[in-house]
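*Asks:* Quick one: this structure, given as structure tokens, is what I'll be asking you about.
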Amino acid sequence: MFPDLRRDVAFPLVGAVGIFIAVVAGGALYQGILGGAAERLVTIALIDAIIVVGIQIYVGNTGILSFGHIGFGAIAGYTFAVLAISPEQKAGRIPDAPLGLADVAMGPWPALAIAVLVTVLVAVVIGIGLARSGAESGAVAATVITLALLFVTHEVARNWPELTGGDRAGLSFSIGGALDSRIPIYGALLLAIVIARLYRQSRSGRLAVAAREDNLAARAMGVNPLVQQMVALLISVAVVSVGAGLRVYENGSILPDNFFFDLTLVTLVMLIVGGRNSVTGAIVGVVVMTAGRELARRLGQEGFEIFGLGLDGAPLDWIFRENLQTVFLGVAMLGFMIWRPSGLLGDWEFDEWLRRRLARDDKTEPESRPPTKAEATDVLVADEVSVSFGGFQALDRAGLSARAGEVVGIIGPNGAGKTTLVNVVTGMVEPTSGSVTVNGTDLTSAPPFEIARNGLVRTFQNLRLFNSLTVRENVEVSTLVARSHRGERDLPTVDQLVAAAGLWPHRDRRAGELDYGNSRRLELARAAGMVPTFLLLDEPTSGMSDTESLAMIEQVRGMADLVGAGAIVIDHDLNFITGICDRIYCLDQGRVIAEGTPNEIRADPVVQSAYLGTAAAT
Amino acid sequence: MIELAQNIIDGFGRGSIYALLALGVAVIFGVMHLLNFAHGELITVSGYVTFWAISAGWSWYIMVPLIIFTAVATSLLIEFVAFSRVRGAGDFTLLLTSFGVHFVVSAIFLLYVSASVKTFNRPGWVTNTYSVGSLNVEVFDTVVIGVTALALLGTTLLLQRTMFGLALRAAAADFDTARLMGVRSNLVIRGAFALSGFLAGIAGVFWLMRAGSTTPTAGIDPMLKGVLAALIGGLGSLRGAVLGGFTLGLAEVLLRSRLPDSVAGLTEGVVFVLIAVLFIFRPQGLLTVAHAERV
């Protein structure tokens, strides 16, 4: 579950405790200075922090904006309240509660546990809807569904008074007095931070982040984003539910409006101001926005005053008004989105900083690994593949076959259908007819991640790296997938792959900072990390000079040998491709017009006419 | 049978307004890939303008052009202040920017007016009805349906027959290529916001005539209807948005009259659930828009 125990468990645990201590100490200090009035503010901020960290788990790792988490909070809050209120009190407020809930007597902690469970079950259903629409229409549709969830829960809470006490009265209760100790809140907050950090570092978290960075590339590396997004959603909803339950407990009552737009706005602003991709950021956001809102509220109510010098009635009167804190929230959201969308901290994490400081990276470049012998029995066959886009016939009964260990070229002029053929083979374009099989297994129209897991892994013509991840982390994504889906093979380590690609000096740089040549090499190393049967390389040397291209050829051959894969290389440069391939297919206007060894292709009159025009062929 | 016919007329009346709102959302989504959660604010602002003008004794005949003008001006202002700065940003930023605009506008009214409901007189004929056979038809619904039909026809002509329409459709199909072909992005985007504001203005006239009041958060409801209708129809499809609007209107009216009284308050909730179910079976919405990613 965790690739590296020291990096992914030990340091995050230490970091989480560090953040937690800082928050608790900060709260105590603030309370100490301002006295009793500040106590509730700090308590609320601590509970908000649990909810915001919970939201971060989903929003940060998947990159999908959710308005629905407070809706989940409402479900948890009401479940908690309905279960935890004593039967005597329920007889007064909601005597007709369905399912005999009016007679249930339960302590607050079992009630909270059940509330979390119920909410997570609802999240499973919602998550399936999110996944289906998200896969078709992208993150925007998913966001609207979460918004709809928020409205549904609010509507139900308002219009089902038998269960919820209705719109105005709500449910209020005393469970032996409201929550009178902060210990449970502290415990839940520490746990929330730990869970959030561990999830981000886990296999599932890493794959979810890869899909956030580039959904298509992640799928091409064998990641099924929907599964990881579901895992993130469930963990995230569980944490939010605990926070929501505590909020109700602390408040001693619940109304439909408690878990609606206002709380959604507050928690989202906290998250984006701090930095949605970072757990530390989420906490920083809670602190900054709590302080900012409190300041705005006071300025709004009491006007501006420094050292007894009141500025009330002065020119600033137009801004220091009641409800200033609401404007402050809206402006903060808008301002950060326009000028600093990644928030104050971006994806900076306290424990990662700690690790970089304390643990020296004294690894030496690993020895190069002996090449893996390809299993010569592996065969890829694409047969009679046709694709039409509207009226345009991109492929017309084209096909190819390749055996492991050989390098097969696909060549042809621009628009010949080379990339489309690779897209069909890797599941990114559905063929109108025809089939793709590997070792007899039919993979036609299988989802891209399924095809990748079966050993067909591609690179992209226009680079698609996971830009905010480091070089190592990029490669790690595919090695993690390989470990669970291609484990029967001899798997190279991340460091071996990085070194083989010549990226050892850049191993801890972000992929987005690499120059063009290194980015290409990283794509190659990432694809090789899947230990594929066949590597499909879409113009690996496009945009490179002749010398760079020659080096790249060596790299492709070396990498294919390292993992024992066959290679299928697309290019439109005849000289380049005849130099590296064992066999070549020549495509023109969607048809295979020639097939053979480099020499045969070079001599073929049909190829010459496609490339040089008919005059040259005669 | 009579009841069904009655419902269908009511549903089309309601759906017309939703269709206008959804079309405005879809136009902007087309050129900017922005799902505009601030669309309802055009109606909030128009609502306060209406409140002040009616209180000052202005007649509804002047209000109609005034509301439309307000909506167009607000739409362009919002584009200039906020959206022009996040062009080309990712979905996340765009969504939250529009949400931020929504909150800032409502907070400004909260700050400078008040949270309380402001009511104004509605024109007298809004509640009038006339009979066709045994059907009771609202004058209001008739006007709404008629005007919407004209507005949709006008929009279609604008999109199909003018240079601006061509540029807008080209930009919606592929913004970058359209720019390379010489379409001026500023012009198209501002034009889209103006068109979106104009459609929201017409919808706003009807919305406010029927509501007769406004609050700082009055924009949420029309925004949700517009966004949901656009989504039901298939995001990015203009025809789908109109279809989605009518579907949503009909669904609401039919449900409200069919649901038992005890759960009638949950109509909106049921509609949301139905939409969720629709999405599970038809995730791309009613009309499919091809937006394959190039690889």
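Going through the structure tokens in order, the chains are called A, B, and so on, while each chain numbers its residues from 1 and the ligands are numbered from 1 in the order shown.
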Restrict the distance test to only C-alpha atoms, flag each residue of chain B within 9 Å of chain A, and return the flagged residues as an mmCIF file with C-alpha atoms, in the first residue's frame.
*Replies:*
```
data_model
loop_
_atom_site.group_PDB
_atom_site.id
_atom_site.type_symbol
_atom_site.label_atom_id
_atom_site.label_comp_id
_atom_site.auth_asym_id
_atom_site.auth_seq_id
_atom_site.Cartn_x
_atom_site.Cartn_y
_atom_site.Cartn_z
ATOM 1 C CA LEU B 34 -16.958 27.981 -18.237
ATOM 2 C CA LEU B 35 -20.010 26.693 -16.418
ATOM 3 C CA ALA B 82 -13.534 38.571 -13.333
ATOM 4 C CA PHE B 83 -13.762 36.147 -16.226
ATOM 5 C CA ARG B 85 -8.647 37.334 -16.044
ATOM 6 C CA VAL B 86 -9.044 33.570 -15.931
ATOM 7 C CA ASP B 91 -12.058 23.800 -14.958
ATOM 8 C CA PHE B 92 -11.438 24.108 -11.253
ATOM 9 C CA THR B 93 -10.409 27.765 -11.428
ATOM 10 C CA LEU B 94 -13.205 28.679 -13.823
ATOM 11 C CA LEU B 95 -15.890 27.030 -11.703
ATOM 12 C CA LEU B 96 -14.735 28.625 -8.494
ATOM 13 C CA THR B 97 -14.301 32.027 -10.136
ATOM 14 C CA SER B 98 -17.913 31.998 -11.250
ATOM 15 C CA PHE B 99 -18.941 30.812 -7.814
ATOM 16 C CA GLY B 100 -16.898 33.614 -6.289
ATOM 17 C CA VAL B 101 -18.666 36.162 -8.491
ATOM 18 C CA HIS B 102 -21.976 34.764 -7.320
ATOM 19 C CA PHE B 103 -20.988 35.227 -3.690
ATOM 20 C CA VAL B 104 -19.488 38.667 -4.111
ATOM 21 C CA VAL B 105 -22.587 40.013 -5.870
ATOM 22 C CA SER B 106 -24.959 38.627 -3.276
ATOM 23 C CA ALA B 107 -22.682 39.809 -0.452
ATOM 24 C CA ILE B 108 -22.642 43.337 -1.866
ATOM 25 C CA LEU B 110 -26.342 42.001 1.732
ATOM 26 C CA LEU B 111 -23.877 44.685 2.787
ATOM 27 C CA TYR B 112 -25.490 47.709 1.174
ATOM 28 C CA LEU B 224 -29.499 26.273 -10.709
ATOM 29 C CA VAL B 227 -27.150 25.161 -15.180
ATOM 30 C CA LEU B 228 -29.138 21.982 -14.626
ATOM 31 C CA LEU B 231 -26.497 19.861 -18.226
ATOM 32 C CA GLY B 234 -25.794 17.992 -22.857
ATOM 33 C CA LEU B 235 -23.172 20.578 -21.948
ATOM 34 C CA VAL B 263 -44.173 14.998 -0.252
ATOM 35 C CA ALA B 264 -45.148 17.853 -2.593
ATOM 36 C CA GLY B 265 -42.568 20.024 -0.852
ATOM 37 C CA LEU B 266 -39.916 17.646 -2.078
ATOM 38 C CA THR B 267 -40.617 18.261 -5.775
ATOM 39 C CA GLU B 268 -37.271 19.894 -6.358
ATOM 40 C CA GLY B 269 -35.498 17.130 -4.503
ATOM 41 C CA VAL B 270 -37.238 14.521 -6.633
ATOM 42 C CA PHE B 272 -32.635 16.404 -8.662
ATOM 43 C CA VAL B 273 -32.785 12.683 -8.021
ATOM 44 C CA ILE B 275 -31.547 14.127 -13.022
ATOM 45 C CA ALA B 276 -28.991 12.013 -11.165
ATOM 46 C CA VAL B 277 -30.694 8.863 -12.478
ATOM 47 C CA PHE B 279 -26.952 10.851 -15.627
ATOM 48 C CA ILE B 280 -26.299 7.319 -14.530
ATOM 49 C CA PHE B 281 -27.969 5.973 -17.658
ATOM 50 C CA ARG B 282 -27.080 8.749 -20.059
ATOM 51 C CA PRO B 283 -24.009 10.495 -18.692
ATOM 52 C CA GLN B 284 -23.578 12.769 -21.689
ATOM 53 C CA GLY B 285 -27.027 14.368 -21.351
ATOM 54 C CA HIS B 291 -15.654 16.435 -27.743
ATOM 55 C CA GLU B 293 -9.654 14.720 -26.788
ATOM 56 C CA VAL B 295 -4.006 12.434 -28.602
#
```
*Asks:* Quick one: residues within 12 Å of region 173-188 of chain B, only C-alpha atoms counted, chain neighbours fewer than 3 positions away excluded, as an mmCIF file with N, CA and C atoms, in the first residue's frame?
*Replies:*
```cif
data_model
loop_
_atom_site.group_PDB
_atom_site.id
_atom_site.type_symbol
_atom_site.label_atom_id
_atom_site.label_comp_id
_atom_site.auth_asym_id
_atom_site.auth_seq_id
_atom_site.Cartn_x
_atom_site.Cartn_y
_atom_site.Cartn_z
ATOM 1 N N VAL B 27 -24.179 29.119 -24.176
ATOM 2 C CA VAL B 27 -23.407 29.986 -25.065
ATOM 3 C C VAL B 27 -22.030 30.276 -24.460
ATOM 4 N N ILE B 28 -22.025 30.570 -23.150
ATOM 5 C CA ILE B 28 -20.754 30.885 -22.497
ATOM 6 C C ILE B 28 -19.901 29.634 -22.343
ATOM 7 N N PHE B 29 -20.540 28.513 -22.025
ATOM 8 C CA PHE B 29 -19.775 27.268 -21.916
ATOM 9 C C PHE B 29 -19.093 26.968 -23.251
ATOM 10 N N GLY B 30 -19.807 27.257 -24.338
ATOM 11 C CA GLY B 30 -19.246 26.995 -25.657
ATOM 12 C C GLY B 30 -17.962 27.747 -25.922
ATOM 13 N N VAL B 31 -17.931 29.038 -25.628
ATOM 14 C CA VAL B 31 -16.730 29.797 -25.994
ATOM 15 C C VAL B 31 -15.646 29.743 -24.939
ATOM 16 N N MET B 32 -15.998 29.499 -23.674
ATOM 17 C CA MET B 32 -14.980 29.608 -22.612
ATOM 18 C C MET B 32 -14.792 28.340 -21.812
ATOM 19 N N HIS B 33 -15.624 27.321 -22.068
ATOM 20 C CA HIS B 33 -15.622 26.122 -21.245
ATOM 21 C C HIS B 33 -15.874 26.464 -19.781
ATOM 22 N N LEU B 76 -21.601 41.893 -19.106
ATOM 23 C CA LEU B 76 -20.337 42.396 -19.659
ATOM 24 C C LEU B 76 -19.399 42.853 -18.548
ATOM 25 N N GLU B 79 -17.799 39.891 -16.926
ATOM 26 C CA GLU B 79 -16.764 39.352 -17.804
ATOM 27 C C GLU B 79 -15.495 40.172 -17.680
ATOM 28 N N PHE B 80 -15.674 41.492 -17.689
ATOM 29 C CA PHE B 80 -14.520 42.399 -17.661
ATOM 30 C C PHE B 80 -13.769 42.311 -16.329
ATOM 31 N N PHE B 83 -14.026 37.266 -15.329
ATOM 32 C CA PHE B 83 -13.762 36.147 -16.226
ATOM 33 C C PHE B 83 -12.642 36.425 -17.228
ATOM 34 N N SER B 84 -12.462 37.689 -17.616
ATOM 35 C CA SER B 84 -11.405 37.977 -18.580
ATOM 36 C C SER B 84 -10.036 37.655 -18.000
ATOM 37 N N ARG B 87 -9.273 33.493 -18.344
ATOM 38 C CA ARG B 87 -9.442 32.802 -19.623
ATOM 39 C C ARG B 87 -8.393 31.716 -19.799
ATOM 40 N N GLY B 88 -8.827 30.554 -20.227
ATOM 41 C CA GLY B 88 -7.867 29.493 -20.499
ATOM 42 C C GLY B 88 -7.420 28.736 -19.263
ATOM 43 N N LEU B 159 -27.223 33.265 -34.955
ATOM 44 C CA LEU B 159 -26.132 32.287 -35.003
ATOM 45 C C LEU B 159 -25.910 31.750 -36.411
ATOM 46 N N MET B 163 -22.216 37.014 -39.440
ATOM 47 C CA MET B 163 -20.776 36.770 -39.294
ATOM 48 C C MET B 163 -20.455 36.464 -37.829
ATOM 49 N N PHE B 164 -21.095 37.245 -36.929
ATOM 50 C CA PHE B 164 -20.843 37.027 -35.499
ATOM 51 C C PHE B 164 -21.274 35.617 -35.077
ATOM 52 N N GLY B 165 -22.436 35.192 -35.591
ATOM 53 C CA GLY B 165 -22.936 33.862 -35.261
ATOM 54 C C GLY B 165 -21.983 32.777 -35.724
ATOM 55 N N LEU B 166 -21.464 32.973 -36.937
ATOM 56 C CA LEU B 166 -20.518 32.004 -37.479
ATOM 57 C C LEU B 166 -19.270 31.936 -36.600
ATOM 58 N N ALA B 167 -18.768 33.125 -36.234
ATOM 59 C CA ALA B 167 -17.571 33.178 -35.386
ATOM 60 C C ALA B 167 -17.841 32.483 -34.063
ATOM 61 N N LEU B 168 -19.023 32.726 -33.514
ATOM 62 C CA LEU B 168 -19.360 32.150 -32.218
ATOM 63 C C LEU B 168 -19.460 30.629 -32.303
ATOM 64 N N ARG B 169 -20.092 30.155 -33.379
ATOM 65 C CA ARG B 169 -20.211 28.697 -33.501
ATOM 66 C C ARG B 169 -18.846 28.069 -33.743
ATOM 67 N N ALA B 170 -18.036 28.755 -34.533
ATOM 68 C CA ALA B 170 -16.685 28.237 -34.777
ATOM 69 C C ALA B 170 -15.902 28.184 -33.471
ATOM 70 N N GLY B 191 -19.125 39.157 -27.048
ATOM 71 C CA GLY B 191 -20.409 38.971 -27.733
ATOM 72 C C GLY B 191 -21.221 37.874 -27.066
ATOM 73 N N ALA B 192 -20.531 36.785 -26.701
ATOM 74 C CA ALA B 192 -21.225 35.676 -26.053
ATOM 75 C C ALA B 192 -21.811 36.125 -24.720
ATOM 76 N N PHE B 193 -21.032 36.909 -23.972
ATOM 77 C CA PHE B 193 -21.551 37.384 -22.685
ATOM 78 C C PHE B 193 -22.734 38.334 -22.888
ATOM 79 N N ALA B 194 -22.660 39.168 -23.926
ATOM 80 C CA ALA B 194 -23.770 40.073 -24.199
ATOM 81 C C ALA B 194 -25.013 39.278 -24.574
ATOM 82 N N LEU B 195 -24.832 38.289 -25.444
ATOM 83 C CA LEU B 195 -25.972 37.459 -25.862
ATOM 84 C C LEU B 195 -26.560 36.716 -24.667
ATOM 85 N N SER B 196 -25.649 36.153 -23.857
ATOM 86 C CA SER B 196 -26.085 35.444 -22.661
ATOM 87 C C SER B 196 -26.856 36.375 -21.726
ATOM 88 N N GLY B 236 -22.608 22.141 -23.684
ATOM 89 C CA GLY B 236 -21.940 22.541 -24.909
ATOM 90 C C GLY B 236 -22.879 22.544 -26.096
ATOM 91 N N SER B 237 -24.045 21.914 -25.975
ATOM 92 C CA SER B 237 -24.976 21.903 -27.093
ATOM 93 C C SER B 237 -26.038 22.970 -26.880
ATOM 94 N N LEU B 238 -26.165 23.897 -27.850
ATOM 95 C CA LEU B 238 -27.139 24.973 -27.710
ATOM 96 C C LEU B 238 -28.552 24.421 -27.825
ATOM 97 N N VAL B 289 -22.692 15.585 -27.492
ATOM 98 C CA VAL B 289 -21.758 16.492 -28.138
ATOM 99 C C VAL B 289 -20.434 15.762 -28.248
ATOM 100 N N ALA B 290 -19.902 15.720 -29.451
ATOM 101 C CA ALA B 290 -18.613 15.059 -29.606
ATOM 102 C C ALA B 290 -17.520 15.998 -29.132
ATOM 103 N N HIS B 291 -16.822 15.626 -28.100
ATOM 104 C CA HIS B 291 -15.654 16.435 -27.743
ATOM 105 C C HIS B 291 -14.496 15.516 -27.400
ATOM 106 N N ALA B 292 -14.134 14.711 -28.368
ATOM 107 C CA ALA B 292 -13.036 13.781 -28.139
ATOM 108 C C ALA B 292 -11.740 14.564 -27.943
ATOM 109 N N GLU B 293 -10.925 14.080 -27.048
ATOM 110 C CA GLU B 293 -9.654 14.720 -26.788
ATOM 111 C C GLU B 293 -8.655 14.234 -27.824
ATOM 112 N N ARG B 294 -7.881 15.140 -28.368
ATOM 113 C CA ARG B 294 -6.886 14.710 -29.355
ATOM 114 C C ARG B 294 -5.669 14.129 -28.666
#
```
*Asks:* Counting only C-alpha atoms, what is within 9 Å of region 42-45 of chain B, bar same-chain residues fewer than 5 positions away, as a VMD selection string?
*Replies:* chain B and resid 50 67 70 to 75 105 to 106 109 197 200 to 201 203 to 205 207 to 208 214 to 220 222 to 223
*Asks:* Please dump the current selection as a PDB file, in the first residue's frame; keep C-alpha atoms.
*Replies:*
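That gives us out-v2.pdb:
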```
ATOM      1  CA  THR B  50     -36.684  46.721 -10.700  1.00  0.00           C
ATOM      2  CA  ILE B  67     -34.147  44.920 -17.093  1.00  0.00           C
ATOM      3  CA  THR B  70     -29.231  45.816 -16.847  1.00  0.00           C
ATOM      4  CA  ALA B  71     -28.685  42.125 -17.495  1.00  0.00           C
ATOM      5  CA  VAL B  72     -26.524  42.756 -20.577  1.00  0.00           C
ATOM      6  CA  ALA B  73     -24.492  45.443 -18.810  1.00  0.00           C
ATOM      7  CA  THR B  74     -23.998  43.272 -15.725  1.00  0.00           C
ATOM      8  CA  SER B  75     -22.969  40.322 -17.850  1.00  0.00           C
ATOM      9  CA  VAL B 105     -22.587  40.013  -5.870  1.00  0.00           C
ATOM     10  CA  SER B 106     -24.959  38.627  -3.276  1.00  0.00           C
ATOM     11  CA  PHE B 109     -26.435  43.478  -1.760  1.00  0.00           C
ATOM     12  CA  GLY B 197     -27.038  38.592 -20.744  1.00  0.00           C
ATOM     13  CA  ALA B 200     -31.056  36.178 -19.192  1.00  0.00           C
ATOM     14  CA  GLY B 201     -32.629  39.652 -19.360  1.00  0.00           C
ATOM     15  CA  ALA B 203     -35.907  35.444 -18.741  1.00  0.00           C
ATOM     16  CA  GLY B 204     -35.389  37.948 -15.927  1.00  0.00           C
ATOM     17  CA  VAL B 205     -38.346  40.079 -16.969  1.00  0.00           C
ATOM     18  CA  TRP B 207     -38.928  35.721 -13.580  1.00  0.00           C
ATOM     19  CA  LEU B 208     -39.334  39.030 -11.749  1.00  0.00           C
ATOM     20  CA  THR B 214     -35.877  39.920  -4.700  1.00  0.00           C
ATOM     21  CA  THR B 215     -33.268  39.091  -2.055  1.00  0.00           C
ATOM     22  CA  PRO B 216     -29.450  38.998  -2.092  1.00  0.00           C
ATOM     23  CA  THR B 217     -29.554  35.265  -2.779  1.00  0.00           C
ATOM     24  CA  ALA B 218     -32.389  35.402  -5.333  1.00  0.00           C
ATOM     25  CA  GLY B 219     -29.959  34.411  -8.077  1.00  0.00           C
ATOM     26  CA  ILE B 220     -29.361  30.892  -6.804  1.00  0.00           C
ATOM     27  CA  PRO B 222     -32.473  30.749 -11.657  1.00  0.00           C
ATOM     28  CA  MET B 223     -28.781  29.845 -11.769  1.00  0.00           C
TER      29      MET B 223
END
```
*Asks:* Tell me, which residues of region 24-265 of chain B carry DSSP helix (DSSP H, G or I), written as a ChimeraX atom specification?
*Replies:* /B:24-32,41-55,60-81,83-85,91-112,124-127,139-161,163-173,175-180,185-211,220-233,238-258,261-265
*Asks:* Could you pull the residues within 8 Å of Tyr78 (chain A), counting only C-alpha atoms, minus those fewer than 3 positions along the same chain, as a count of residues only?
*Replies:* 6
*Asks:* I'd like the interatomic distance between CA of Trp58 (chain B) and CA of Lys118 (chain B), to a tenth of an Å.
*Replies:* 16.2 Å
*Asks:* To one decimal in Å, tell me the separation between CA of Val25 (chain B) and CA of Phe37 (chain B).
*Replies:* 8.7 Å
*Asks:* Mind listing the strand (DSSP E) residues of region 12-258 of chain B, per DSSP on the backbone, as a list in words?
*Replies:*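 Everything in region 12-258 of chain B that counts as strand (DSSP E) is Lys118, Thr119, Thr129, Tyr130, Ser131, Val132, Leu135, Asn136, Val137, Glu138, Ser213 and Thr214 of chain B.
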*Asks:* For the residues in the current selection, export N, CA and C atoms as a PDB file, in the first residue's frame.
*Replies:*
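Here's the written file again34.pdb:
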```pdb
ATOM      1  N   LYS B 118     -37.201  42.238  -0.612  1.00  0.00           N
ATOM      2  CA  LYS B 118     -37.743  43.492  -1.145  1.00  0.00           C
ATOM      3  C   LYS B 118     -38.839  43.138  -2.149  1.00  0.00           C
ATOM      4  N   THR B 119     -40.053  43.605  -1.881  1.00  0.00           N
ATOM      5  CA  THR B 119     -41.142  43.272  -2.804  1.00  0.00           C
ATOM      6  C   THR B 119     -41.510  44.481  -3.659  1.00  0.00           C
ATOM      7  N   THR B 129     -56.330  34.846 -16.426  1.00  0.00           N
ATOM      8  CA  THR B 129     -56.410  33.635 -17.231  1.00  0.00           C
ATOM      9  C   THR B 129     -57.520  33.783 -18.263  1.00  0.00           C
ATOM     10  N   TYR B 130     -57.470  32.992 -19.293  1.00  0.00           N
ATOM     11  CA  TYR B 130     -58.583  32.926 -20.236  1.00  0.00           C
ATOM     12  C   TYR B 130     -58.858  31.463 -20.538  1.00  0.00           C
ATOM     13  N   SER B 131     -60.045  31.185 -21.058  1.00  0.00           N
ATOM     14  CA  SER B 131     -60.427  29.789 -21.254  1.00  0.00           C
ATOM     15  C   SER B 131     -60.403  29.406 -22.718  1.00  0.00           C
ATOM     16  N   VAL B 132     -59.834  28.240 -22.970  1.00  0.00           N
ATOM     17  CA  VAL B 132     -59.937  27.643 -24.299  1.00  0.00           C
ATOM     18  C   VAL B 132     -60.611  26.298 -24.068  1.00  0.00           C
ATOM     19  N   LEU B 135     -59.989  24.419 -20.837  1.00  0.00           N
ATOM     20  CA  LEU B 135     -58.661  24.702 -20.320  1.00  0.00           C
ATOM     21  C   LEU B 135     -58.584  26.128 -19.791  1.00  0.00           C
ATOM     22  N   ASN B 136     -57.910  26.290 -18.659  1.00  0.00           N
ATOM     23  CA  ASN B 136     -57.622  27.625 -18.160  1.00  0.00           C
ATOM     24  C   ASN B 136     -56.192  27.972 -18.499  1.00  0.00           C
ATOM     25  N   VAL B 137     -56.018  28.930 -19.367  1.00  0.00           N
ATOM     26  CA  VAL B 137     -54.665  29.271 -19.766  1.00  0.00           C
ATOM     27  C   VAL B 137     -54.302  30.621 -19.175  1.00  0.00           C
ATOM     28  N   GLU B 138     -53.122  30.683 -18.566  1.00  0.00           N
ATOM     29  CA  GLU B 138     -52.655  31.964 -18.032  1.00  0.00           C
ATOM     30  C   GLU B 138     -52.194  32.854 -19.175  1.00  0.00           C
ATOM     31  N   SER B 213     -40.499  39.920  -6.150  1.00  0.00           N
ATOM     32  CA  SER B 213     -39.635  40.245  -5.019  1.00  0.00           C
ATOM     33  C   SER B 213     -38.203  39.867  -5.356  1.00  0.00           C
ATOM     34  N   THR B 214     -37.269  40.341  -4.525  1.00  0.00           N
ATOM     35  CA  THR B 214     -35.877  39.920  -4.700  1.00  0.00           C
ATOM     36  C   THR B 214     -35.169  39.935  -3.350  1.00  0.00           C
TER      37      THR B 214
END
```
*Asks:* Excluding Leu4 (chain B) and its own-chain neighbours fewer than 4 positions away, which residues fall within 12 Å of it when counting only C-alpha atoms? Please give them as a VMD selection string.
*Replies:* chain B and resid 8 to 11 135 250 253 to 255 257 to 258
*Asks:* What gap, in Å, lies between CA of Ala16 (chain A) and CA of Thr280 (chain A)?
*Replies:* 8.6 Å
*Asks:* So that I can see what lies close to Val498 (chain A), please list as a list in words the residues with an atom at most 8 Å from it, counting only C-alpha atoms and leaving out residues fewer than 6 positions away in the same chain.
*Replies:* Val471, Arg472, Val475, Trp504, Arg507, Leu522 and Ala525 of chain A
